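Chemist: What follows is input07.cif, mmCIF, C-alpha atoms.
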data_structure
#
loop_
_atom_site.label_atom_id
_atom_site.label_comp_id
_atom_site.auth_asym_id
_atom_site.auth_seq_id
_atom_site.Cartn_x
_atom_site.Cartn_y
_atom_site.Cartn_z
CA MET W 17 25.69 6.45 -27.39
CA GLN W 18 24.89 3.71 -24.89
CA ILE W 19 23.91 6.31 -22.28
CA LYS W 20 21.59 8.04 -24.74
CA ASN W 21 19.92 4.72 -25.59
CA ASN W 22 19.46 3.93 -21.89
CA ASN W 23 17.95 7.35 -21.26
CA ALA W 24 15.60 6.93 -24.20
CA ASN W 25 14.52 3.51 -22.94
CA ASN W 26 13.96 4.87 -19.44
CA LEU W 27 11.82 7.70 -20.78
CA GLN W 28 9.84 5.26 -22.90
CA ASN W 29 9.28 2.94 -19.94
CA ARG W 30 8.15 5.84 -17.75
CA TRP W 31 5.75 6.98 -20.46
CA ILE W 32 4.29 3.47 -20.80
CA ILE W 33 3.92 3.05 -17.02
CA GLY W 34 2.38 6.49 -16.67
CA SER W 35 -0.06 5.80 -19.52
CA ILE W 36 -1.15 2.51 -17.97
CA LYS W 37 -1.71 4.14 -14.60
CA TRP W 38 -3.78 6.95 -16.13
CA VAL W 39 -5.91 4.45 -18.06
CA LEU W 40 -6.52 2.42 -14.90
CA LEU W 41 -7.30 5.54 -12.88
CA VAL W 42 -9.79 6.83 -15.46
CA GLY W 43 -11.33 3.36 -15.73
CA CYS W 44 -11.80 3.11 -11.96
CA LEU W 45 -13.32 6.59 -11.71
CA TYR W 46 -15.64 5.86 -14.67
CA PHE W 47 -16.77 2.64 -12.97
CA ILE W 48 -17.54 4.52 -9.74
CA ILE W 49 -19.43 7.33 -11.49
CA THR W 50 -21.58 4.98 -13.59
CA ARG W 51 -22.54 2.95 -10.52
CA PHE W 52 -23.61 6.09 -8.70
CA GLN W 53 -25.60 7.27 -11.72
CA ASP W 54 -27.34 3.90 -11.94
CA GLN W 55 -28.50 4.23 -8.33
CA SER W 56 -29.13 8.02 -8.49
CA ILE W 57 -27.00 8.58 -5.39
CA ASN W 58 -26.56 12.14 -4.11
CA LEU W 59 -23.53 12.59 -1.84
CA ASN W 60 -25.03 15.83 -0.51
CA GLU W 61 -27.67 13.75 1.27
CA ILE W 62 -25.25 11.71 3.35
CA GLU W 63 -26.54 10.68 6.78
CA TRP W 64 -23.55 10.48 9.13
CA PRO W 65 -23.79 7.89 11.95
CA ASN W 66 -23.96 9.26 15.49
CA SER W 67 -20.73 7.54 16.55
CA ILE W 68 -18.67 8.71 13.55
CA GLY W 69 -16.72 11.31 15.55
CA LEU W 70 -15.52 8.85 18.19
CA THR W 71 -14.72 6.26 15.54
CA LEU W 72 -12.69 8.71 13.46
CA GLY W 73 -10.74 9.75 16.54
CA PHE W 74 -9.81 6.15 17.35
CA VAL W 75 -8.97 5.36 13.73
CA PHE W 76 -6.71 8.44 13.65
CA PHE W 77 -4.92 7.18 16.78
CA LEU W 78 -4.44 3.80 15.10
CA MET W 79 -2.93 5.61 12.09
CA ILE W 80 -0.21 7.06 14.35
CA LEU W 81 0.35 3.62 15.86
CA ASN W 82 0.48 2.09 12.39
CA TRP W 83 3.29 4.34 11.13
CA TYR W 84 5.16 4.07 14.42
CA LEU W 85 5.13 0.29 14.02
CA GLU W 86 6.41 0.68 10.46
CA ALA W 87 9.26 2.94 11.63
CA LEU W 88 10.11 0.46 14.38
CA ARG W 89 10.03 -2.40 11.89
CA TRP W 90 12.42 -0.55 9.57
CA LYS W 91 14.74 0.21 12.48
CA VAL W 92 14.86 -3.49 13.41
CA SER W 93 15.41 -4.44 9.75
CA LEU W 94 18.59 -2.32 9.54
CA GLN W 95 20.12 -2.96 12.94
CA SER W 96 22.34 -5.83 11.73
CA PHE W 97 24.38 -3.71 9.27
CA ASP W 98 23.49 0.01 9.56
CA PRO W 99 21.61 0.90 12.77
CA ILE W 100 19.42 4.01 12.78
CA SER W 101 17.30 5.79 15.37
CA ILE W 102 13.54 5.50 15.53
CA LYS W 103 13.29 9.22 14.68
CA ARG W 104 15.32 8.81 11.50
CA ALA W 105 13.34 5.71 10.54
CA TRP W 106 10.12 7.70 11.05
CA ASN W 107 11.38 10.51 8.80
CA VAL W 108 12.39 8.09 6.04
CA ILE W 109 9.05 6.24 6.14
CA LEU W 110 6.95 9.41 5.90
CA SER W 111 9.10 10.97 3.18
CA GLY W 112 8.78 7.78 1.14
CA LEU W 113 5.02 7.89 1.57
CA ALA W 114 4.98 11.42 0.15
CA LEU W 115 7.19 10.40 -2.81
CA ASN W 116 4.80 7.56 -3.65
CA TRP W 117 2.36 10.19 -4.97
CA ILE W 118 4.62 11.04 -7.90
CA LEU W 119 6.70 7.90 -8.52
CA PRO W 120 5.31 4.71 -10.13
CA PHE W 121 4.42 1.46 -8.33
CA THR W 122 5.08 2.89 -4.84
CA SER W 123 8.78 3.15 -5.71
CA GLY W 124 9.03 6.42 -3.77
CA ASP W 125 9.04 4.44 -0.55
CA LEU W 126 11.86 2.23 -1.81
CA ILE W 127 13.93 5.16 -3.09
CA ALA W 128 13.57 7.03 0.20
CA ARG W 129 14.80 4.03 2.16
CA ILE W 130 17.70 3.11 -0.10
CA SER W 131 18.94 6.67 -0.54
CA GLN W 132 19.45 7.08 3.21
CA GLN W 133 21.68 4.03 3.76
CA ARG W 134 25.28 3.27 2.78
CA ASP W 135 24.85 -0.37 1.73
CA LYS W 136 22.30 -0.24 -1.08
CA TYR W 137 22.20 -4.02 -1.60
CA GLN W 138 21.40 -4.92 2.00
CA THR W 139 18.98 -2.01 2.33
CA SER W 140 17.15 -3.21 -0.79
CA SER W 141 17.01 -6.71 0.67
CA ALA W 142 15.61 -5.38 3.94
CA ALA W 143 12.94 -3.42 2.04
CA MET W 144 12.06 -6.49 -0.05
CA LEU W 145 11.74 -8.59 3.10
CA ASN W 146 9.41 -6.01 4.64
CA ARG W 147 7.26 -5.88 1.52
CA GLY W 148 7.32 -9.64 1.08
CA ILE W 149 6.00 -10.31 4.58
CA MET W 150 3.20 -7.76 4.20
CA LEU W 151 2.38 -9.19 0.77
CA GLY W 152 2.04 -12.62 2.37
CA PHE W 153 -0.57 -11.34 4.82
CA THR W 154 -2.30 -9.46 2.00
CA LEU W 155 -2.52 -12.60 -0.13
CA ILE W 156 -3.88 -14.70 2.73
CA LEU W 157 -6.71 -12.31 3.54
CA GLY W 158 -7.10 -11.43 -0.13
CA PHE W 159 -7.78 -15.04 -1.12
CA TYR W 160 -10.38 -15.15 1.65
CA GLY W 161 -12.00 -12.12 0.04
CA VAL W 162 -11.81 -13.67 -3.42
CA SER W 163 -13.60 -16.76 -2.08
CA HIS W 164 -16.61 -14.55 -1.28
CA LEU W 165 -16.88 -13.18 -4.80
CA ALA W 166 -18.07 -16.37 -6.49
CA ILE W 167 -15.38 -15.90 -9.15
CA ASP W 168 -14.35 -18.89 -11.24
CA THR W 169 -11.56 -20.83 -9.50
CA THR W 170 -9.32 -20.42 -12.55
CA TRP W 171 -8.64 -16.88 -11.29
CA ASP W 172 -6.93 -18.36 -8.21
CA GLY W 173 -4.66 -20.40 -10.44
CA LEU W 174 -3.96 -17.42 -12.67
CA LEU W 175 -2.96 -15.29 -9.68
CA SER W 176 -0.61 -18.02 -8.47
CA VAL W 177 1.04 -18.17 -11.90
CA ILE W 178 1.50 -14.39 -11.89
CA ILE W 179 3.16 -14.48 -8.46
CA ILE W 180 5.53 -17.30 -9.45
CA ALA W 181 6.36 -15.55 -12.72
CA GLY W 182 7.03 -12.32 -10.84
CA ILE W 183 9.51 -14.06 -8.52
CA GLY W 184 11.24 -15.66 -11.50
CA ILE W 185 11.53 -12.36 -13.37
CA THR W 186 12.92 -10.65 -10.27
CA LEU W 187 15.59 -13.31 -9.83
CA PHE W 188 16.50 -13.07 -13.53
CA VAL W 189 16.82 -9.28 -13.45
CA PHE W 190 18.98 -9.26 -10.34
CA ARG W 191 20.93 -12.45 -11.04
CA LYS W 192 24.26 -10.62 -11.43
CA SER W 193 23.86 -8.86 -8.09
CA LEU W 194 22.19 -11.70 -6.24
CA SER W 195 25.14 -12.26 -3.90
CA GLY W 196 24.87 -8.68 -2.66
CA PHE W 197 21.17 -9.09 -1.90
CA LEU W 198 21.62 -12.51 -0.27
CA GLN W 199 24.18 -11.18 2.18
CA TYR W 200 21.43 -9.50 4.19
CA PHE W 201 19.41 -12.69 4.53
CA GLN W 202 22.51 -14.72 5.41
CA GLU W 203 23.37 -12.35 8.26
CA LEU W 204 19.80 -11.79 9.50
CA SER W 205 19.31 -13.46 12.86
CA SER W 206 16.26 -15.56 13.67
CA ALA W 207 15.35 -13.19 16.50
CA SER W 208 15.36 -10.18 14.13
CA PHE W 209 13.29 -12.05 11.55
CA ILE W 210 10.72 -12.97 14.20
CA LYS W 211 10.56 -9.34 15.40
CA ILE W 212 10.07 -8.09 11.85
CA THR W 213 7.32 -10.66 11.23
CA ILE W 214 5.51 -9.82 14.49
CA LEU W 215 5.67 -6.08 13.78
CA SER W 216 4.38 -6.74 10.25
CA LEU W 217 1.47 -8.75 11.62
CA MET W 218 0.69 -6.02 14.15
CA ARG W 219 0.66 -3.43 11.34
CA TYR W 220 -1.66 -5.55 9.23
CA VAL W 221 -4.02 -6.10 12.16
CA VAL W 222 -4.10 -2.32 12.71
CA PHE W 223 -5.00 -1.85 9.03
CA VAL W 224 -7.84 -4.35 9.28
CA VAL W 225 -9.18 -2.94 12.57
CA GLN W 226 -9.17 0.62 11.17
CA PHE W 227 -11.08 -0.38 8.07
CA TYR W 228 -13.45 -2.67 9.96
CA LEU W 229 -14.41 0.06 12.44
CA LEU W 230 -15.29 2.49 9.66
CA LEU W 231 -17.23 -0.11 7.68
CA VAL W 232 -19.22 -1.35 10.66
CA VAL W 233 -20.24 2.22 11.57
CA PHE W 234 -21.84 2.68 8.15
CA MET W 235 -22.99 -0.94 7.71
CA PRO W 236 -23.87 -2.16 11.22
CA GLU W 237 -26.12 -4.93 9.94
CA ALA W 238 -23.47 -6.52 7.68
CA GLU W 239 -21.98 -9.84 8.71
CA PRO W 240 -18.48 -9.49 10.25
CA THR W 241 -17.16 -12.21 7.93
CA LEU W 242 -18.41 -10.26 4.92
CA LEU W 243 -16.69 -7.08 6.09
CA ILE W 244 -13.41 -8.90 6.75
CA ALA W 245 -13.56 -10.56 3.34
CA GLY W 246 -14.26 -7.20 1.70
CA ILE W 247 -11.25 -5.67 3.47
CA GLY W 248 -9.04 -8.50 2.25
CA TRP W 249 -10.29 -8.05 -1.31
CA ILE W 250 -9.74 -4.27 -1.30
CA PHE W 251 -6.22 -4.60 0.13
CA LEU W 252 -5.38 -7.24 -2.47
CA ILE W 253 -6.54 -5.11 -5.41
CA ARG W 254 -4.85 -2.01 -3.97
CA SER W 255 -1.55 -3.91 -3.78
CA ALA W 256 -1.92 -5.29 -7.31
CA LEU W 257 -2.88 -1.97 -8.94
CA PRO W 258 -0.89 0.93 -7.43
CA LEU W 259 -2.10 4.11 -9.14
CA PHE W 260 -1.56 7.83 -8.85
CA PHE W 261 -2.52 9.95 -5.84
CA GLY W 262 -1.97 7.24 -3.24
CA GLY W 263 -4.21 4.73 -4.99
CA VAL W 264 -7.39 6.81 -5.07
CA GLY W 265 -9.99 5.19 -7.28
CA VAL W 266 -8.72 1.64 -6.87
CA ARG W 267 -9.99 1.18 -3.33
CA GLU W 268 -13.34 2.76 -4.10
CA ALA W 269 -13.91 0.77 -7.30
CA SER W 270 -12.87 -2.55 -5.73
CA GLY W 271 -15.06 -1.83 -2.68
CA ILE W 272 -18.09 -1.15 -4.87
CA LEU W 273 -17.40 -4.27 -6.94
CA PHE W 274 -17.29 -6.44 -3.81
CA PHE W 275 -20.14 -4.99 -1.75
CA GLU W 276 -22.58 -4.07 -4.56
CA PRO W 277 -24.39 -7.45 -4.47
CA HIS W 278 -24.85 -7.16 -0.68
CA ILE W 279 -25.96 -3.56 -0.06
CA ALA W 280 -28.37 -1.19 -1.79
CA ASP W 281 -26.68 2.12 -0.94
CA LEU W 282 -23.18 2.31 -2.43
CA GLN W 283 -22.26 5.45 -0.51
CA LEU W 284 -22.09 3.27 2.62
CA VAL W 285 -19.04 1.66 1.00
CA LEU W 286 -17.55 4.69 -0.71
CA ILE W 287 -17.41 6.92 2.38
CA PRO W 288 -15.46 4.52 4.66
CA VAL W 289 -13.03 3.68 1.85
CA PHE W 290 -12.46 7.38 1.15
CA LEU W 291 -12.00 8.16 4.86
CA ILE W 292 -9.41 5.42 5.34
CA TRP W 293 -7.50 6.85 2.35
CA ILE W 294 -7.53 10.34 3.86
CA ILE W 295 -6.43 9.17 7.31
CA ASN W 296 -3.86 6.53 6.36
CA THR W 297 -2.39 8.09 3.21
CA VAL W 298 -3.15 11.77 2.71
CA ILE W 299 -2.43 13.05 6.24
CA PRO W 300 0.86 11.12 6.72
CA SER W 301 1.94 12.13 3.19
CA LEU W 302 1.47 15.81 4.00
CA VAL W 303 3.64 15.35 7.08
CA GLY W 304 6.18 13.48 4.96
CA LEU W 305 6.56 16.44 2.61
CA ILE W 306 8.59 18.12 5.36
CA PHE W 307 11.27 15.44 5.04
CA VAL W 308 11.23 14.97 1.25
CA TRP W 309 13.89 17.60 0.58
CA ARG W 310 16.34 15.69 2.79
CA THR W 311 15.66 12.53 0.85
CA LYS W 312 16.31 14.33 -2.45
CA LEU W 313 19.66 15.63 -1.22
CA PHE W 314 20.83 12.14 -0.25
CA PHE W 315 19.46 10.66 -3.48
CA ARG W 316 21.36 13.12 -5.63
#
What does the file become when written as structure tokens?

Modeler:
Amino acid sequence: MQIKNNNANNLQNRWIIGSIKWVLLVGCLYFIITRFQDQSINLNEIEWPNSIGLTLGFVFFLMILNWYLEALRWKVSLQSFDPISIKRAWNVILSGLALNWILPFTSGDLIARISQQRDKYQTSSAAMLNRGIMLGFTLILGFYGVSHLAIDTTWDGLLSVIIIAGIGITLFVFRKSLSGFLQYFQELSSASFIKITILSLMRYVVFVVQFYLLLVVFMPEAEPTLLIAGIGWIFLIRSALPLFFGGVGVREASGILFFEPHIADLQLVLIPVFLIWIINTVIPSLVGLIFVWRTKLFFR
């Protein structure tokens, strides 16, 4: 009876999460479409910059570097209790990226990582550390972006309350298993933590450089500080609202919301945001599909 109740609750939770994500996705797409209708924009009349080919090639190279750094970071994160090769780390990272398309709140990445390791507690802790460090960088640049939006300062306080509440809820949920999670942090050496932090910073810098290069090609006259702030804002919203299909719709809507007061042609924002999604998410996800079946076998 207890198992049936748990299954019913799980199905209900999945239905609620799925409904929320669909509502957000439709809302974002509606926002984008209405903005384009207001400006009578025709995507068939796009004027591509002369340097777009060279820029796309370099951004694609940075995508490979980005996911290599992530695989290396995961390898370093596990070396204290369950060492893996860089090849295996690469396979796990890409398969998790593919699973994120169908599982809520980017949990596919977490499931792919945990399912491949023996110690689930320490692996979960390593994954949380990786996400926590990247979230820290996202919040720092995100607050810089928020400061350029002229939003009431109460939003900053509200976001801080949400973060603190989220940490408290997480500790409450995992309170019975906290010792298992803490073991990883107790055994993590300072040298490993520094390596993980440096690799995380390098990944985040690669993200920013990729996005900046695409934005500056389409908006060469925009101030660099404005572009950096817009990148921080888009990354922050993307992290806060993970939707279906690798987050399509969220990036575009948040980019339009940020840059609309500063530019007249919204397609100059939409195209770079869409391209970064294709390069950083779609292409690696297609490669990751090759390794998904292995992840499923281990998960079962």

Chemist: Taking the file as shown, find all residues satisfying the PyMOL selection byres ((chain W and resi 102) around 7) and write them as an MDAnalysis selection string.

Modeler: chainID W and resid 87:88 91 100:101 103:106

Chemist: Quick one: residues within 9 Å of Ser216 of chain W, all atoms listed in the file counted, chain neighbours fewer than 5 positions away excluded, as a ChimeraX atom specification?

Modeler: /W:85-86,89,146,149-150,153,211,221

Chemist: Using Å and a single decimal, report how far atom CA of Leu151 of chain W sits from atom CA of Gln132 of chain W.

Modeler: 23.7 Å

Chemist: One decimal, Å: what's the distance from atom CA of Asn66 of chain W over to atom CA of Val225 of chain W, could you say?

Modeler: 19.4 Å

Chemist: Which is closest to Ser96 of chain W among W:Gln202, W:Phe74, W:Ala245, W:Trp117, if we use all atoms listed in the file?

Modeler: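 Among the listed residues, the smallest separation from Ser96 of chain W belongs to W:Gln202.
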